[in-house]
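S.K.: Encoded as structure tokens, here's the structure I'll be asking about.
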4 protein chains.
Amino acid sequence: MWSGVFPAVTTKFTADDELDHAENERCFALQMEAGCDGIIVAGSLGEGPMLSHDEKIAVLKTAQSVAGGKPVLLTVNEAGTREAEQMARRAAKAGASGLMVVPSPIYHTNPEETVAALNAVAAAADLPVMVYSNRVAYRVDVTIPIMEELAKDTRFVAIKESSDDIRRSTEIISAFGDRFDLFTGVDNLAFEALSVGAVGWVAGLVTAFPRETVAIYQLMKQGRRDEALSIYRWFRPLLDLDVSTYLVQNIKLAEVHAINTNDRVRRPRLPLFGERRAAVEKIITDALASRPSLPRF
Amino acid sequence: MWSGVFPAVTTKFTADDELDHAENERCFALQMEAGCDGIIVAGSLGEGPMLSHDEKIAVLKTAQSVAGGKPVLLTVNEAGTREAEQMARRAAKAGASGLMVVPSPIYHTNPEETVAALNAVAAAADLPVMVYSNRVAYRVDVTIPIMEELAKDTRFVAIKESSDDIRRSTEIISAFGDRFDLFTGVDNLAFEALSVGAVGWVAGLVTAFPRETVAIYQLMKQGRRDEALSIYRWFRPLLDLDVSTYLVQNIKLAEVHAINTNDRVRRPRLPLFGERRAAVEKIITDALASRPSLPRF
Amino acid sequence: MWSGVFPAVTTKFTADDELDHAENERCFALQMEAGCDGIIVAGSLGEGPMLSHDEKIAVLKTAQSVAGGKPVLLTVNEAGTREAEQMARRAAKAGASGLMVVPSPIYHTNPEETVAALNAVAAAADLPVMVYSNRVAYRVDVTIPIMEELAKDTRFVAIKESSDDIRRSTEIISAFGDRFDLFTGVDNLAFEALSVGAVGWVAGLVTAFPRETVAIYQLMKQGRRDEALSIYRWFRPLLDLDVSTYLVQNIKLAEVHAINTNDRVRRPRLPLFGERRAAVEKIITDALASRPSLPRF
Amino acid sequence: MWSGVFPAVTTKFTADDELDHAENERCFALQMEAGCDGIIVAGSLGEGPMLSHDEKIAVLKTAQSVAGGKPVLLTVNEAGTREAEQMARRAAKAGASGLMVVPSPIYHTNPEETVAALNAVAAAADLPVMVYSNRVAYRVDVTIPIMEELAKDTRFVAIKESSDDIRRSTEIISAFGDRFDLFTGVDNLAFEALSVGAVGWVAGLVTAFPRETVAIYQLMKQGRRDEALSIYRWFRPLLDLDVSTYLVQNIKLAEVHAINTNDRVRRPRLPLFGERRAAVEKIITDALASRPSLPRF
């Protein structure tokens, strides 16, 4: 159902800490112009947990306005299932193409609770769901046996695989074939995941470097692996910024340099400062200085 | 400013998943009757992240109605600092004696962000604050250097020490003397913490076994350590239920047996079932069968 | 200098717990007949820490007798550097083609100590060295900065990359190009490592399934990735047996079924028993039942 | 059978990396003069894994010469059970009072293997055994169920509890009463362990500060807890040096300052250098500058 590069976009704020609709629109449009295949709003990278439900719907609408009919997904990531259902229903009503769903961001659900929470959200929205499996960030692992339960409901169409272990991708394919659209959710494991059969990439650095991200994906799809690998090796120090406690600040700083925007964040996050800011900035400027010209694809 | 046994109370729900005010009142009153020295609502154990702000204020009011003038604290544990400030202001307006504050439950703040988030909440409420340092649950550690920053603001009056490392208690005392009221927040390290100088215990199993918890504390205070240790050894299998992903369900099940209430929880939690329920139930019934008679103190 | 499939062979014992020279010879020969490119004796899988120096030299000689001129490496893995130097000198005298060297198996050396220990062994033997970087088993990580130090000595020719993080392979290539022969040391990351540029595979399950292992390597080398991936997917449940505390027992049990030998081990290891043995045996027999026919390559 | 302070002594080397018998004798004698209750040679702190069997026996004899009839234990910590048995038999023949036994320092034994390895060593020596349970250093945990097996053999007389979790001490006492002599093996958890009922302390910093260590133990035994706690708080920054990858170098550096010896170590260890050496040295000199006068006991 879904495949290709789906940016998990950042959210732009004004100096007054309000949503910056114009800047969101400009930045989201850059993604689509570069050839992305869908868009996901209000995820971890989009500072979803710091947005109100109203704000999430507003961001969704902005994304829809530039998506040109490509899928726009809203992230559901609520501490309580009750609130997750409410959010899911509002997303459906607002015309979301689907949901990306985190089972439980604070409490660490056991397998039965994980299944129940995901089922509740899917039922509330009656929309296609991409299950976000990220045991590193949330300490809830959507394992193969849990996926077996989810496979019974056709609303669960995709897995965003962020276990941080590349082996898991092969395990999912061996267990389910193409029952689920397998997306990698870890930027610096993306080449490896596509090598073993993933069909999509929920990407992070794409917000600053959309053309390079799309190039790797498309070249892989065309069997031009060496060209893709060459770009990937150049890209890796940047992609590593996605696998960090500070991914939001890192990637927003990359956007400052690459697409001329700001790096405002919502508290408790603060923009990078001091040595860490300098180190990240060096990675970004080094990469920009050696930016490869991309082949046609 | 604060010392003694402060229950982090559970929250009772009706069959319709609404707050059960009458049952909350009954259960909170049991704590005070047993000699507890304060009460903390809407914490992890109180399923705070699954309560709305309105509900938290309602629970606060119930606690105030039975506290007899002893301190009643409300827990602030919001993903966004903006929402944390809102909650803090409402608590102050509702007459909370103080706040227990989690720096950041989803994003893992760095030290500067941790300080900024705690400062923002303290300033918003202008109430005494107990800082909840729990790197195990939230992966944000309020370290000694962070406490040095907090010590500059007199609103930070207490530390709930839940690092899961008993060494930390001595480190805090060595660094700060009695600048902070040192509470242990880990039931099955409480005897050890009181042995090295903690003055308070934010307790969990107390909701089911208030008299035993208070007895340990008071006997320690009177230097009757052997008597306290004897009760503690009996209590340990129960206290271990507090140090678990399933602490809410565990402790509510203990309450079912010990104070004749129900173990309803809010989703994504489910009540314990199957082998885990049986195992926890055995711990509880074994402990009840060998319940010691308590000395006078 | 080195490339291809290098089995880290198991060591066979008689019923009296002595080296079974004949069985070692038979099993090592199977590897070479299947097309392996070298052989490594007395590694973790070869129960090196449970062999005396004399026994290690004896196993080396057996391997040399069947290697047909292909490289035979001996593993140096001693708690003390003094003993490591002694072992290295004996290996050189016995005509080893090179050494695989673990920096320190009990004490966790810091970077300077790691470099010093590796330098000492390389100097003692004056042989080409494959550095075994396995932070999971030994909690000593041979990092990129350490490799920069090692790169100054031409005796360090190869890295056995067993960090358990596939990202590391790309990092090594980005930092050093082809200065080091990059071998993967993790069976169930081998396809991924070869995909990003590794030139060799220090393999484990190869001792039971040499033809399949060689097929994957050779097909990858010829750009026949889909065929390699298909075999790899079949092979994965077996390859997973290499990434286990019980890898020696697991792989020896696979050998029982696949090459008709025994699974005797040296204490403190015991052969698998009970449920674990049954579970591993099921993996092995399931794989044998669905064993693919291999393409010509 | 055993109780009190047992130093796990360091081993002194000459400039030629040979055993320095005279210095060992001098240093061991300091321990006994300060009132220690036994002595353990060739442990982790004694660089046991870098000593030959002959050297271990030589160190044992030195300790026996100054022990004045108090127990002298030799540590058995061999990768292979066969070698462990050999060492155990030699220790018995040399008149060791008992053994401290590490189940398996390289391979991570499962429970059945752990029991078998310990049984084999105990049977080989027919000496009283102190079981060294240190899952942090060796990733083999001697759990309560394993202790239940060991309790069947009267040769297992003591537990050196180094799980790094103070809760374990109470669990052992609750399960076994005084069946085992419970020693803490973690310097900076010693006060806590003695508070909950441990009867002995296998100590590290004692080699540099024997009188302070003995004072804490004896004061605790006499119920003079506040005096003990006061010394312990002063001692803690030093005791923390025992809980480190670099404990050997740390403690030898403390000995340089406190008992005027050298800090030579065997490779792969190197003496501390640079910033780490400076930081440790500051801890030591700060402590010496504020060294308390000890009460009579």
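Naming works like this for the structure tokens: A, B, ... for the chains as they're shown, residue 1 at the start of each chain, ligands 1 onward in shown order.
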Should the cut-off be 9 Å, what would the residue list for chain B against chain D look like, counting only C-alpha atoms, as a list in words?

M.R.: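 Applying the cut-off to the listed atoms yields Asp164, Asp165, Ile166, Arg167, Thr170, Glu171, Ile173, Ser174, Asn188, Leu189, Phe191, Glu192, Ala193, Ser195, Val196, Leu229, Arg233, Trp234 and Arg236 of chain B.
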
S.K.: Write out as a ChimeraX atom specification all residues of range 176-291 of chain A that DSSP puts in alpha helix (DSSP H) for this structure's backbone.

M.R.: /A:176,190-196,210-221,225-239,247-259,274-289

S.K.: Over all C-alpha atoms, paired in order, superpose chain A onto chain D by least squares and report how large the RMSD is in Å.

M.R.: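 With all C-alpha atoms paired in order, the RMSD is 0.0 Å.
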
S.K.: Please provide as a ChimeraX atom specification all residues within 8 Å of range 32-45 of chain C, with the sequence filter that same-chain residues fewer than 2 positions apart are discarded (counting only C-alpha atoms).

M.R.: /C:3-11,28-30,47-49,51,56,59-60,63,66-67,70-77,100,204,210-211,214,247-248

S.K.: DSSP says strand (DSSP E) for which residues of range 78-218 of chain D? Put them as a list of chain:residue names?

M.R.: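 Strand (DSSP E) members of range 78-218 of chain D, listed: D:Gly98, D:Leu99, D:Met100, D:Val101, D:Val129, D:Met130, D:Val131, D:Tyr132, D:Ser133, D:Phe156, D:Val157, D:Ala158, D:Ile159, D:Lys160, D:Glu161, D:Asp181, D:Leu182, D:Phe183, D:Thr184, D:Gly200, D:Trp201, D:Val202, D:Ala203.
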
S.K.: Which residue gives the smallest distance to Leu270 in chain D among D:Ser97, D:His257, D:Gln86, D:Lys252, with only C-alpha atoms counted?

M.R.: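 Smallest separation from Leu270 in chain D among the options: D:Lys252.
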
S.K.: What's the 9 Å shell around range 13-27 of chain C, counting only C-alpha atoms, without same-chain residues fewer than 6 positions away, as a PyMOL selection string?

M.R.: chain C and resi 55+58-59+62-63+65-66+207-208+259+261-266

S.K.: Can I get the selected residues back with all heavy atoms, as a CSV table (one decimal), in the first residue's frame?

M.R.:
chain,number,residue,atom,x,y,z
C,55,GLU,N,48.3,-27.6,23.3
C,55,GLU,CA,47.1,-28.1,22.5
C,55,GLU,C,46.8,-27.2,21.3
C,55,GLU,O,46.4,-27.6,20.2
C,55,GLU,CB,45.9,-28.2,23.4
C,55,GLU,CG,46.0,-29.4,24.4
C,55,GLU,CD,44.8,-29.5,25.3
C,55,GLU,OE1,44.3,-28.4,25.8
C,55,GLU,OE2,44.4,-30.6,25.7
C,58,ALA,N,49.1,-27.9,18.6
C,58,ALA,CA,48.7,-29.2,17.9
C,58,ALA,C,47.5,-29.0,17.0
C,58,ALA,O,47.5,-29.5,15.8
C,58,ALA,CB,48.3,-30.2,19.0
C,59,VAL,N,46.5,-28.2,17.4
C,59,VAL,CA,45.4,-28.0,16.5
C,59,VAL,C,45.8,-27.2,15.3
C,59,VAL,O,45.4,-27.4,14.1
C,59,VAL,CB,44.3,-27.2,17.3
C,59,VAL,CG1,43.1,-26.9,16.3
C,59,VAL,CG2,43.8,-28.0,18.4
C,62,THR,N,47.3,-29.5,12.8
C,62,THR,CA,46.3,-30.3,12.1
C,62,THR,C,45.7,-29.5,11.0
C,62,THR,O,45.5,-29.9,9.8
C,62,THR,CB,45.2,-30.8,13.1
C,62,THR,OG1,45.8,-31.5,14.1
C,62,THR,CG2,44.1,-31.6,12.4
C,63,ALA,N,45.4,-28.2,11.3
C,63,ALA,CA,44.8,-27.4,10.3
C,63,ALA,C,45.7,-27.1,9.1
C,63,ALA,O,45.3,-27.2,7.9
C,63,ALA,CB,44.4,-26.0,10.9
C,65,SER,N,47.8,-29.1,8.0
C,65,SER,CA,48.0,-30.3,7.2
C,65,SER,C,46.9,-30.5,6.1
C,65,SER,O,47.1,-31.2,5.2
C,65,SER,CB,48.0,-31.6,8.1
C,65,SER,OG,46.7,-31.8,8.6
C,66,VAL,N,45.8,-29.8,6.3
C,66,VAL,CA,44.7,-29.9,5.3
C,66,VAL,C,44.4,-28.6,4.6
C,66,VAL,O,43.5,-28.6,3.7
C,66,VAL,CB,43.4,-30.4,6.0
C,66,VAL,CG1,43.6,-31.7,6.7
C,66,VAL,CG2,42.8,-29.3,7.0
C,207,THR,N,31.0,-24.4,9.9
C,207,THR,CA,31.6,-25.7,10.3
C,207,THR,C,30.6,-26.8,10.1
C,207,THR,O,31.0,-28.0,9.8
C,207,THR,CB,32.1,-25.7,11.8
C,207,THR,OG1,30.9,-25.6,12.6
C,207,THR,CG2,33.1,-24.7,12.0
C,208,ALA,N,29.3,-26.5,10.1
C,208,ALA,CA,28.3,-27.5,9.9
C,208,ALA,C,27.7,-27.3,8.4
C,208,ALA,O,27.3,-28.3,7.8
C,208,ALA,CB,27.1,-27.4,10.9
C,259,ILE,N,27.2,-32.9,9.9
C,259,ILE,CA,28.4,-33.6,9.5
C,259,ILE,C,28.8,-34.8,10.3
C,259,ILE,O,29.9,-35.2,10.4
C,259,ILE,CB,29.6,-32.6,9.4
C,259,ILE,CG1,29.9,-32.0,10.8
C,259,ILE,CG2,29.3,-31.5,8.3
C,259,ILE,CD1,31.3,-31.2,10.8
C,261,THR,N,29.2,-35.6,13.6
C,261,THR,CA,30.3,-35.7,14.6
C,261,THR,C,29.6,-35.6,16.0
C,261,THR,O,28.4,-35.9,16.1
C,261,THR,CB,31.3,-34.6,14.3
C,261,THR,OG1,32.4,-34.7,15.3
C,261,THR,CG2,30.7,-33.2,14.4
C,262,ASN,N,30.4,-35.4,17.0
C,262,ASN,CA,29.9,-35.3,18.4
C,262,ASN,C,29.8,-33.9,18.9
C,262,ASN,O,30.4,-33.0,18.2
C,262,ASN,CB,30.7,-36.2,19.3
C,262,ASN,CG,32.1,-35.6,19.5
C,262,ASN,OD1,32.3,-34.6,20.2
C,262,ASN,ND2,33.1,-36.2,18.8
C,263,ASP,N,29.2,-33.7,20.0
C,263,ASP,CA,29.1,-32.3,20.5
C,263,ASP,C,29.8,-32.2,21.9
C,263,ASP,O,29.3,-31.5,22.8
C,263,ASP,CB,27.7,-31.8,20.5
C,263,ASP,CG,26.8,-32.5,21.5
C,263,ASP,OD1,27.1,-33.7,21.9
C,263,ASP,OD2,25.8,-31.9,22.0
C,264,ARG,N,30.8,-33.0,22.1
C,264,ARG,CA,31.6,-32.9,23.4
C,264,ARG,C,32.2,-31.5,23.5
C,264,ARG,O,32.7,-30.9,22.5
C,264,ARG,CB,32.7,-33.9,23.4
C,264,ARG,CG,32.2,-35.3,23.6
C,264,ARG,CD,33.4,-36.3,23.7
C,264,ARG,NE,32.9,-37.6,23.3
C,264,ARG,CZ,33.3,-38.3,22.3
C,264,ARG,NH1,34.3,-37.9,21.5
C,264,ARG,NH2,32.9,-39.5,22.1
C,265,VAL,N,32.1,-31.0,24.7
C,265,VAL,CA,32.7,-29.7,25.0
C,265,VAL,C,33.6,-29.8,26.3
C,265,VAL,O,33.4,-30.7,27.0
C,265,VAL,CB,31.7,-28.6,25.2
C,265,VAL,CG1,31.0,-28.2,23.9
C,265,VAL,CG2,30.6,-29.0,26.2
C,266,ARG,N,34.4,-28.8,26.5
C,266,ARG,CA,35.2,-28.8,27.7
C,266,ARG,C,34.5,-28.0,28.8
C,266,ARG,O,33.9,-26.9,28.5
C,266,ARG,CB,36.6,-28.2,27.4
C,266,ARG,CG,37.6,-29.1,26.8
C,266,ARG,CD,38.9,-29.1,27.5
C,266,ARG,NE,39.7,-30.2,27.1
C,266,ARG,CZ,41.0,-30.1,26.7
C,266,ARG,NH1,41.6,-28.9,26.6
C,266,ARG,NH2,41.7,-31.2,26.4

S.K.: Just the number, please: distance in Å from CA of Thr213 in chain D to CA of Asn250 in chain D, one decimal.

M.R.: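 Computing the Euclidean distance for CA of Thr213 in chain D and CA of Asn250 in chain D yields 16.8 Å.
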
S.K.: Give me the residues near Ser293 in chain C as a PyMOL selection string, where near means some atom within 10 Å (using only C-alpha atoms) and where sequence neighbours in that chain fewer than 3 positions away do not count.

M.R.: chain C and resi 212+231+290+296

S.K.: Identify, on the basis of only C-alpha atoms, every residue whose closest approach to Asn110 in chain D does not exceed 10 Å; exclude the query and any residue fewer than 5 positions from it along the same chain; express the result as a list in words.

M.R.: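 Once the adjacent positions are removed, what remains is Thr245, Tyr246, Pro268, Arg269 and Leu270 of chain C; Val115, Ala116, Val140, Asp141 and Val142 of chain D.
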
S.K.: In Å, how far is it from CA of Asp286 in chain B to CA of Ala137 in chain B?

M.R.: 28.6 Å
